[in-house]
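As provided, start-v2.cif (mmCIF, C-alpha atoms and all ligand atoms) reads as follows.
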data_upload
#
loop_
_atom_site.label_atom_id
_atom_site.label_comp_id
_atom_site.auth_asym_id
_atom_site.auth_seq_id
_atom_site.Cartn_x
_atom_site.Cartn_y
_atom_site.Cartn_z
CA MET A 18 169.30 -30.90 -28.93
CA PRO A 19 167.86 -28.33 -26.59
CA ASN A 20 165.49 -25.66 -27.73
CA GLN A 21 167.34 -23.92 -30.57
CA ARG A 22 165.86 -20.57 -29.66
CA ALA A 23 167.61 -20.68 -26.30
CA LEU A 24 170.94 -20.87 -28.13
CA ARG A 25 172.75 -18.30 -30.19
CA PRO A 26 175.77 -18.25 -32.54
CA LEU A 27 179.14 -16.98 -31.34
CA THR A 28 179.58 -13.21 -31.30
CA PRO A 29 182.59 -11.95 -33.33
CA PRO A 30 184.83 -11.59 -30.21
CA GLU A 31 183.80 -15.07 -29.00
CA ARG A 32 184.50 -16.47 -32.48
CA LYS A 33 187.98 -14.94 -32.33
CA GLN A 34 188.66 -16.60 -28.95
CA VAL A 35 187.42 -19.98 -30.17
CA ASP A 36 189.34 -19.79 -33.47
CA ALA A 37 192.57 -18.98 -31.64
CA LEU A 38 192.11 -22.08 -29.44
CA LEU A 39 191.18 -24.32 -32.37
CA ALA A 40 194.24 -23.12 -34.30
CA ARG A 41 196.43 -24.54 -31.51
CA LEU A 42 195.06 -28.03 -32.03
CA PRO A 43 197.12 -29.65 -34.75
CA TYR A 44 195.24 -31.16 -37.70
CA LEU A 45 191.85 -29.89 -36.67
CA ARG A 46 189.48 -29.19 -39.53
CA PRO A 47 186.41 -28.25 -37.59
CA LYS A 48 183.13 -28.98 -39.22
CA LEU A 49 181.47 -28.42 -35.90
CA ARG A 50 178.88 -25.83 -35.11
CA ILE A 51 179.33 -24.04 -31.85
CA ARG A 52 176.35 -22.48 -30.10
CA VAL A 53 176.23 -20.45 -26.95
CA GLY A 54 173.65 -20.77 -24.17
CA ARG A 55 173.19 -19.52 -20.68
CA GLY A 56 172.59 -21.66 -17.60
CA LEU A 57 173.27 -25.24 -18.79
CA ALA A 58 172.17 -28.31 -16.86
CA GLU A 59 171.47 -31.96 -17.57
CA LYS A 60 168.33 -33.88 -16.79
CA ARG A 61 167.87 -37.52 -17.82
CA ARG A 62 170.72 -37.15 -20.31
CA LYS A 63 169.04 -34.14 -21.95
CA LEU A 64 170.60 -30.69 -22.01
CA LEU A 65 168.57 -27.90 -20.45
CA VAL A 66 169.32 -24.28 -21.29
CA GLY A 67 168.31 -21.21 -19.32
CA VAL A 68 168.22 -22.73 -15.83
CA ASP A 69 168.97 -20.59 -12.79
CA GLU A 70 172.57 -19.95 -11.88
CA GLU A 71 172.50 -22.25 -8.83
CA ASP A 72 171.03 -25.17 -10.84
CA SER A 73 173.53 -24.80 -13.64
CA ARG A 74 176.23 -27.44 -13.19
CA MET A 75 177.52 -27.78 -16.72
CA HIS A 76 179.89 -25.74 -18.82
CA ALA A 77 179.38 -27.32 -22.19
CA ALA A 78 177.93 -30.28 -24.06
CA ALA A 79 178.61 -32.13 -27.32
CA PHE A 80 175.92 -33.42 -29.69
CA LEU A 81 177.61 -36.05 -31.77
CA VAL A 82 174.99 -36.70 -34.43
CA ARG A 83 174.34 -33.08 -35.23
CA ARG A 84 177.98 -32.10 -34.79
CA HIS A 85 177.12 -29.35 -32.38
CA ILE A 86 178.89 -28.09 -29.30
CA VAL A 87 177.04 -25.90 -26.82
CA ILE A 88 179.11 -23.68 -24.53
CA ASP A 89 177.97 -21.67 -21.54
CA GLN A 90 178.50 -17.99 -22.24
CA LYS A 91 180.10 -17.54 -18.81
CA LEU A 92 183.10 -19.52 -20.04
CA PHE A 93 184.20 -16.78 -22.39
CA ARG A 94 185.25 -14.77 -19.37
CA ARG A 95 187.18 -17.63 -17.84
CA ARG A 96 190.58 -19.23 -18.27
CA ASP A 97 188.93 -22.63 -18.54
CA LEU A 98 187.56 -22.12 -22.04
CA ALA A 99 190.38 -24.04 -23.79
CA ARG A 100 190.19 -27.04 -21.46
CA ILE A 101 186.43 -27.31 -21.74
CA LEU A 102 186.26 -26.68 -25.47
CA TYR A 103 188.95 -29.31 -26.12
CA HIS A 104 187.14 -31.77 -23.84
CA GLU A 105 183.98 -31.41 -25.94
CA ILE A 106 185.89 -31.75 -29.22
CA PHE A 107 187.45 -34.99 -27.98
CA HIS A 108 183.98 -36.46 -27.48
CA PHE A 109 183.81 -36.47 -31.29
CA VAL A 110 187.22 -38.12 -31.47
CA TRP A 111 186.20 -40.82 -28.92
CA ALA A 112 183.12 -41.58 -31.01
CA ARG A 113 185.33 -42.24 -34.04
CA LEU A 114 188.26 -43.85 -32.27
CA GLY A 115 187.37 -47.47 -33.04
CA ASN A 116 187.19 -50.40 -30.65
CA PRO A 117 190.87 -51.41 -30.41
CA LEU A 118 191.97 -47.97 -29.19
CA ARG A 119 188.96 -47.56 -26.94
CA LEU A 120 189.68 -50.94 -25.36
CA SER A 121 193.31 -50.06 -25.00
CA TYR A 122 192.39 -46.87 -23.13
CA GLU A 123 189.94 -48.83 -20.98
CA HIS A 124 192.71 -51.30 -20.09
CA LEU A 125 194.93 -48.42 -19.05
CA LEU A 126 192.23 -47.21 -16.66
CA GLY A 127 191.58 -50.76 -15.45
CA ARG A 128 195.23 -51.05 -14.51
CA GLU A 129 195.11 -47.69 -12.68
CA TRP A 130 192.03 -48.87 -10.82
CA ARG A 131 193.79 -52.05 -9.66
CA GLU A 132 196.74 -49.94 -8.54
CA ARG A 133 194.34 -47.66 -6.65
CA ALA A 134 195.29 -44.51 -8.52
CA ARG A 135 193.41 -41.59 -7.07
CA GLY A 136 192.58 -38.35 -8.83
CA GLU A 137 191.89 -37.63 -12.46
CA LEU A 138 192.61 -35.03 -15.12
CA GLY A 139 189.31 -33.17 -14.85
CA TRP A 140 186.26 -33.00 -12.63
CA SER A 141 184.07 -34.54 -15.30
CA ALA A 142 186.04 -37.79 -15.05
CA GLU A 143 186.79 -37.52 -11.35
CA GLN A 144 183.18 -37.18 -10.23
CA ARG A 145 182.33 -40.37 -12.15
CA LYS A 146 185.37 -42.16 -10.81
CA LEU A 147 184.34 -41.31 -7.25
CA SER A 148 180.96 -42.96 -7.72
CA LEU A 149 182.37 -46.23 -9.13
CA ALA A 150 182.24 -49.47 -7.19
CA ALA A 151 184.44 -52.51 -7.81
CA ALA A 152 181.48 -54.28 -9.42
CA ASP A 153 181.13 -51.48 -12.01
CA VAL A 154 184.68 -52.05 -13.12
CA ARG A 155 184.34 -55.87 -13.14
CA ARG A 156 181.05 -55.89 -15.03
CA ARG A 157 181.91 -52.91 -17.24
CA THR A 158 178.64 -51.18 -16.41
CA ARG A 159 177.28 -48.03 -17.99
CA LEU A 160 178.82 -46.03 -15.14
CA TRP A 161 182.23 -47.45 -15.94
CA ALA A 162 181.78 -46.82 -19.68
CA ASP A 163 180.79 -43.20 -18.96
CA TYR A 164 183.84 -42.81 -16.76
CA VAL A 165 186.16 -44.20 -19.44
CA CYS A 166 184.74 -41.79 -22.02
CA GLU A 167 184.93 -38.71 -19.77
CA SER A 168 188.42 -39.67 -18.65
CA PHE A 169 189.52 -39.92 -22.28
CA CYS A 170 188.14 -36.44 -23.04
CA ASP A 171 189.62 -34.85 -19.91
CA SER A 172 192.99 -36.55 -20.47
CA ALA A 173 193.10 -35.56 -24.14
CA ALA A 174 192.43 -31.91 -23.21
CA TRP A 175 195.17 -32.18 -20.57
CA PHE A 176 197.51 -33.75 -23.12
CA CYS A 177 196.98 -30.74 -25.42
CA LEU A 178 197.42 -28.23 -22.58
CA GLU A 179 199.84 -29.77 -20.10
CA SER A 180 202.71 -27.53 -21.13
CA ARG A 181 200.68 -24.63 -19.79
CA ARG A 182 199.90 -23.62 -16.22
CA PRO A 183 198.86 -26.55 -14.00
CA HIS A 184 195.15 -26.77 -13.34
CA PRO A 185 193.62 -27.57 -9.91
CA GLU A 186 191.48 -30.31 -11.49
CA TRP A 187 194.60 -32.19 -12.65
CA THR A 188 194.82 -34.34 -9.53
CA LEU A 189 196.15 -37.61 -10.95
CA LYS A 190 199.56 -38.57 -9.53
CA PRO A 191 202.57 -37.95 -11.80
CA ARG A 192 203.46 -41.61 -12.38
CA PHE A 193 199.99 -42.27 -13.80
CA CYS A 194 200.16 -39.06 -15.85
CA VAL A 195 203.35 -40.39 -17.43
CA ARG A 196 201.50 -43.49 -18.60
CA ARG A 197 198.58 -41.49 -19.96
CA ARG A 198 200.92 -39.18 -21.84
CA ARG A 199 202.65 -42.23 -23.35
CA TRP A 200 199.30 -43.70 -24.30
CA PHE A 201 198.26 -40.53 -26.14
CA GLN A 202 201.62 -40.33 -27.90
CA ALA A 203 201.48 -43.98 -28.97
CA ALA A 204 197.82 -43.91 -29.97
CA ASP A 205 198.50 -40.92 -32.20
CA VAL A 206 195.09 -39.55 -31.45
CA LEU A 207 195.60 -36.02 -32.72
CA PRO A 208 195.39 -36.80 -36.45
CA ARG A 209 191.92 -38.10 -35.72
CA LEU A 210 190.92 -34.53 -35.11
CA GLN A 211 190.17 -34.25 -38.81
CA LEU A 212 186.53 -34.62 -38.02
ZN ZN A 301 182.28 -34.91 -21.38
#
Please express the file's structure as C-alpha cells.
Amino acid sequence: MPNQRALRPLTPPERKQVDALLARLPYLRPKLRIRVGRGLAEKRRKLLVGVDEEDSRMHAAAFLVRRHIVIDQKLFRRRDLARILYHEIFHFVWARLGNPLRLSYEHLLGREWRERARGELGWSAEQRKLSLAAADVRRRTRLWADYVCESFCDSAAWFCLESRRPHPEWTLKPRFCVRRRRWFQAADVLPRLQL
C-alpha cells in the first residue's frame, strides 16, 4: 500500500457515483475499501501517490490482500469511471477465479494470438500485448501472465458495459469480441463478484 496519508476516503458525492456504478453490477457484495489519491504512478510494482501530472500514468490500482482499491480523483469528472472501477474490481475476481477458468481464458488468448488478432478491450491490456514477443507466449513468461490478467479485467469491464456507448479503447475486432463475450457468458463469472 502507498502512504495512507496521501489517500483519503470518498466524499459523499463520490460515494454516490461509486454506489450507483456498483449497483449495476449484478451480485456484487462489495467488501472493498475505496480510497482516493491524486497523481498515481507505478514504480517497481509499487503505487506512488502525489506525483506530478505529467508523470501520472495510472488511473487506479487494486490491492488484493488488503481489499483496497485506489482511484485517481480526476476520474470522478470523467466518463471512464465505470470502466476503470470495474476493471479494478475484476482483479479481485481473477485472483479467486481458480486455475481451470484462468487456463481456459489463457487458451482463448493463445488462440487469438495464433490468429494474429490485433487490438484489445482496454489500453491496460493492449499496451502489454504490444510488448509481447512470440517467445513470451510460448514460454508463458511473466509478461504474458500480466497480459492475460489485464486482458481479463479489461474484457470483463467491457462485458459489463458493452451495451453502452462504444469506447475508443475497445479496438479488438468484432469476431474476437464475439468469442470473448461467449467465454464470459459460459464461464459465468459474474456470480463470483460476491467477494
Ligand atoms: Zn489492471
- Skipping near chain neighbours, those fewer than 4 positions away, what residues fall within 9 Å of Leu92 in chain A using only C-alpha atoms, listed as a list in words? His76, Ala77, Ile88, Arg96, Asp97, Leu98 and Ile101 of chain A
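Near ligand ZN 301 (chain A), the residues found within 8 Å are Ala78, Ala79, His104, Glu105, His108, Ser141, Ala142, Cys166, Glu167, Cys170 and Asp171 of chain A (criterion computed using only C-alpha atoms and all ligand atoms).
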Go ahead and save the picked residues with C-alpha atoms, as a PDB file, in the coordinates of the input.
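Printed below is out_4.pdb as written:
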ATOM      1  CA  ALA A  78     177.930 -30.280 -24.060  1.00  0.00           C
ATOM      2  CA  ALA A  79     178.610 -32.130 -27.320  1.00  0.00           C
ATOM      3  CA  HIS A 104     187.140 -31.770 -23.840  1.00  0.00           C
ATOM      4  CA  GLU A 105     183.980 -31.410 -25.940  1.00  0.00           C
ATOM      5  CA  HIS A 108     183.980 -36.460 -27.480  1.00  0.00           C
ATOM      6  CA  SER A 141     184.070 -34.540 -15.300  1.00  0.00           C
ATOM      7  CA  ALA A 142     186.040 -37.790 -15.050  1.00  0.00           C
ATOM      8  CA  CYS A 166     184.740 -41.790 -22.020  1.00  0.00           C
ATOM      9  CA  GLU A 167     184.930 -38.710 -19.770  1.00  0.00           C
ATOM     10  CA  CYS A 170     188.140 -36.440 -23.040  1.00  0.00           C
ATOM     11  CA  ASP A 171     189.620 -34.850 -19.910  1.00  0.00           C
TER      12      ASP A 171
END
- Task: Go through A:Met75, A:Arg55, A:Ser121, A:Trp111 one by one, measure the shortest atom-to-atom distance of each to Lys91 in chain A using all atoms listed in the file, and give the residue with the smallest value.
- Result: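 Checking each of A:Met75, A:Arg55, A:Ser121, A:Trp111 against Lys91 in chain A, counting all atoms listed in the file, the winner is A:Arg55.
Ranking A:Tyr103, A:Ala150, A:Asp163, A:Leu189 by their shortest atom-to-atom distance to Pro43 in chain A, with only C-alpha atoms included, puts A:Tyr103 first.
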- Task: Select, from A:Arg84, A:Lys146, A:Arg119, A:Arg133, the residue with the minimum atom-to-atom distance to Tyr164 in chain A, counting all atoms listed in the file.
- Result: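 With all atoms listed in the file as the atom set, the closest residue is A:Lys146.
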- Task: Determine the nearest neighbour of Ala112 in chain A from the options A:Trp130, A:Trp140, A:Phe93, A:Phe80, counting all atoms listed in the file.
- Result: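 Of A:Trp130, A:Trp140, A:Phe93, A:Phe80, the one nearest Ala112 in chain A is A:Phe80, counting all atoms listed in the file.
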- CA of Ile51 in chain A and CA of Leu118 in chain A, how far apart in Å?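 These two atoms are separated by 27.2 Å.
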- Task: Please provide as a PyMOL selection string all residues within 9 Å of Val68 in chain A, with the sequence filter that same-chain residues fewer than 5 positions apart are discarded (counting all atoms listed in the file).
- Result: chain A and resi 55-58+73
Go ahead and save the residues from that selection, with C-alpha atoms, as a short mmCIF file (atom, residue, chain, number, x, y, z; two decimals), in the frame of the given file.
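Listed below is the output, again.cif:
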data_model
loop_
_atom_site.label_atom_id
_atom_site.label_comp_id
_atom_site.auth_asym_id
_atom_site.auth_seq_id
_atom_site.Cartn_x
_atom_site.Cartn_y
_atom_site.Cartn_z
CA ARG A 55 173.19 -19.52 -20.68
CA GLY A 56 172.59 -21.66 -17.60
CA LEU A 57 173.27 -25.24 -18.79
CA ALA A 58 172.17 -28.31 -16.86
CA SER A 73 173.53 -24.80 -13.64
#
- Task: Go through A:Arg25, A:Lys33, A:His124, A:Lys60 and flag the residue nearest Gln90 in chain A, using all atoms listed in the file for the distances.
- Result: A:Arg25
- Which one is closest to Glu179 in chain A: A:Cys194, A:Leu126, A:Leu24, A:Leu49? Count all atoms listed in the file. A:Cys194
